[in-house]
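Novice: Input file: entry03.tsv. Contents: TSV, C-alpha atoms.
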```
chain	number	residue	atom	x	y	z
A	1465	MET	CA	3.68	-16.07	51.11
A	1466	LEU	CA	3.34	-18.34	48.10
A	1467	PRO	CA	5.06	-17.30	44.85
A	1468	TRP	CA	1.79	-16.87	42.92
A	1469	ALA	CA	0.50	-14.61	45.68
A	1470	TRP	CA	3.05	-11.98	44.65
A	1471	CYS	CA	1.01	-11.35	41.50
A	1472	ILE	CA	-1.55	-9.18	43.29
A	1473	PRO	CA	0.90	-6.82	45.03
A	1474	LEU	CA	2.97	-6.49	41.87
A	1475	ALA	CA	-0.13	-5.80	39.77
A	1476	LEU	CA	-1.33	-3.19	42.23
A	1477	GLY	CA	2.11	-1.60	42.20
A	1478	PHE	CA	2.63	-1.51	38.43
A	1479	LEU	CA	-0.96	-0.82	37.39
A	1480	PRO	CA	-0.90	2.94	38.15
A	1481	ALA	CA	2.51	3.33	36.48
A	1482	GLY	CA	1.40	1.34	33.43
A	1483	LEU	CA	-1.87	3.24	33.07
A	1484	GLY	CA	-0.11	6.56	33.56
A	1485	LEU	CA	2.46	5.74	30.89
A	1486	PHE	CA	-0.24	4.52	28.51
A	1487	ILE	CA	-2.32	7.69	28.97
A	1488	TRP	CA	0.74	9.96	28.73
A	1489	LEU	CA	1.91	8.36	25.47
A	1490	GLY	CA	-1.60	8.40	24.07
A	1491	LEU	CA	-2.23	12.06	24.81
A	1492	ASN	CA	1.22	13.46	24.02
A	1493	SER	CA	1.81	11.89	20.63
A	1494	LYS	CA	0.31	13.11	17.41
A	1495	HIS	CA	-1.49	10.57	15.26
A	1496	ARG	CA	1.10	8.58	13.34
A	1497	SER	CA	0.06	5.87	10.98
A	1498	LEU	CA	2.05	2.65	11.35
A	1499	HIS	CA	1.57	1.46	7.78
A	1500	GLY	CA	1.08	4.66	5.81
A	1501	ASP	CA	-2.15	6.27	4.73
A	1502	ALA	CA	-3.21	3.91	1.99
A	1503	ARG	CA	-6.53	4.31	0.24
A	1504	PHE	CA	-8.34	2.92	-2.77
A	1505	ALA	CA	-7.98	4.76	-6.07
A	1506	THR	CA	-10.96	6.75	-7.30
A	1507	ARG	CA	-12.51	6.06	-10.69
A	1508	HIS	CA	-10.99	9.27	-11.99
A	1509	GLU	CA	-7.49	8.16	-10.96
A	1510	ILE	CA	-7.97	4.74	-12.55
A	1511	ARG	CA	-9.14	6.28	-15.84
A	1512	LYS	CA	-6.23	8.72	-15.80
A	1513	VAL	CA	-3.67	5.91	-15.47
A	1514	TRP	CA	-5.51	3.69	-17.95
A	1515	TYR	CA	-5.20	6.25	-20.75
A	1516	THR	CA	-1.73	7.66	-19.97
A	1517	GLU	CA	0.36	4.71	-18.80
A	1518	SER	CA	2.46	3.00	-21.45
A	1519	GLU	CA	2.38	-0.77	-21.85
A	1520	LYS	CA	4.99	-2.71	-19.94
```
Please re-express this file's structure in structure tokens.

Specialist:
Amino acid sequence: MLPWAWCIPLALGFLPAGLGLFIWLGLNSKHRSLHGDARFATRHEIRKVWYTESEK
């Protein structure tokens, strides 16, 4: 068999394992943010800092 022809048997062999691992990790882990839970400040928070923060 040609070397590129090994792609199909390997894909068929690793596809169930890869999908199973992907589903298992997706269902077992709780939601974890990769970069924190950033959000925009509300107008109230901006006003609060504006009036209380000292000048730098």

Novice: Work out how far atom CA of A:His1499 is from atom CA of A:Phe1486, in Å to one decimal.

Specialist: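 The value is 21.0 Å.
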
Novice: What does the distance between atom CA of A:Gly1490 and atom CA of A:Pro1473 come to in Å, to one decimal place?

Specialist: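 That distance, rounded to one decimal, is 26.0 Å.
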
Novice: Record the distance separating atom CA of A:Cys1471 and atom CA of A:Leu1485, expressed in Å with one decimal.

Specialist: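 Pair atom CA of A:Cys1471 / atom CA of A:Leu1485 returns 20.2 Å.
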
Novice: For stretch 1494-1507 of chain A, which lacks atoms in the input, supply N, CA and C atoms and format the output as a PDB file, in the coordinates of the input.

Specialist:
```pdb
ATOM      1  N   LYS A1494       1.220  12.798  18.497  1.00  0.00           N
ATOM      2  CA  LYS A1494       0.310  13.110  17.410  1.00  0.00           C
ATOM      3  C   LYS A1494      -0.013  11.806  16.691  1.00  0.00           C
ATOM      4  N   HIS A1495      -1.098  11.787  15.970  1.00  0.00           N
ATOM      5  CA  HIS A1495      -1.490  10.570  15.260  1.00  0.00           C
ATOM      6  C   HIS A1495      -0.451  10.238  14.200  1.00  0.00           C
ATOM      7  N   ARG A1496       0.119   9.055  14.307  1.00  0.00           N
ATOM      8  CA  ARG A1496       1.100   8.580  13.340  1.00  0.00           C
ATOM      9  C   ARG A1496       0.632   7.231  12.836  1.00  0.00           C
ATOM     10  N   SER A1497       0.501   7.123  11.566  1.00  0.00           N
ATOM     11  CA  SER A1497       0.060   5.870  10.980  1.00  0.00           C
ATOM     12  C   SER A1497       1.232   4.890  10.946  1.00  0.00           C
ATOM     13  N   LEU A1498       0.990   3.650  11.329  1.00  0.00           N
ATOM     14  CA  LEU A1498       2.050   2.650  11.350  1.00  0.00           C
ATOM     15  C   LEU A1498       2.366   2.126   9.957  1.00  0.00           C
ATOM     16  N   HIS A1499       1.382   2.071   9.092  1.00  0.00           N
ATOM     17  CA  HIS A1499       1.570   1.460   7.780  1.00  0.00           C
ATOM     18  C   HIS A1499       1.234   2.416   6.644  1.00  0.00           C
ATOM     19  N   GLY A1500       1.379   3.690   6.852  1.00  0.00           N
ATOM     20  CA  GLY A1500       1.080   4.660   5.810  1.00  0.00           C
ATOM     21  C   GLY A1500      -0.401   4.978   5.762  1.00  0.00           C
ATOM     22  N   ASP A1501      -0.756   5.868   4.878  1.00  0.00           N
ATOM     23  CA  ASP A1501      -2.150   6.270   4.730  1.00  0.00           C
ATOM     24  C   ASP A1501      -2.668   5.792   3.384  1.00  0.00           C
ATOM     25  N   ALA A1502      -2.765   4.500   3.247  1.00  0.00           N
ATOM     26  CA  ALA A1502      -3.210   3.910   1.990  1.00  0.00           C
ATOM     27  C   ALA A1502      -4.713   4.117   1.809  1.00  0.00           C
ATOM     28  N   ARG A1503      -5.118   4.198   0.559  1.00  0.00           N
ATOM     29  CA  ARG A1503      -6.530   4.310   0.240  1.00  0.00           C
ATOM     30  C   ARG A1503      -6.754   3.704  -1.134  1.00  0.00           C
ATOM     31  N   PHE A1504      -8.000   3.445  -1.459  1.00  0.00           N
ATOM     32  CA  PHE A1504      -8.340   2.920  -2.770  1.00  0.00           C
ATOM     33  C   PHE A1504      -8.342   4.067  -3.778  1.00  0.00           C
ATOM     34  N   ALA A1505      -7.978   3.747  -5.007  1.00  0.00           N
ATOM     35  CA  ALA A1505      -7.980   4.760  -6.070  1.00  0.00           C
ATOM     36  C   ALA A1505      -9.418   5.084  -6.452  1.00  0.00           C
ATOM     37  N   THR A1506      -9.640   6.338  -6.820  1.00  0.00           N
ATOM     38  CA  THR A1506     -10.960   6.750  -7.300  1.00  0.00           C
ATOM     39  C   THR A1506     -11.092   6.356  -8.771  1.00  0.00           C
ATOM     40  N   ARG A1507     -12.297   6.394  -9.278  1.00  0.00           N
ATOM     41  CA  ARG A1507     -12.510   6.060 -10.690  1.00  0.00           C
ATOM     42  C   ARG A1507     -11.765   7.019 -11.602  1.00  0.00           C
TER      43      ARG A1507
END
```
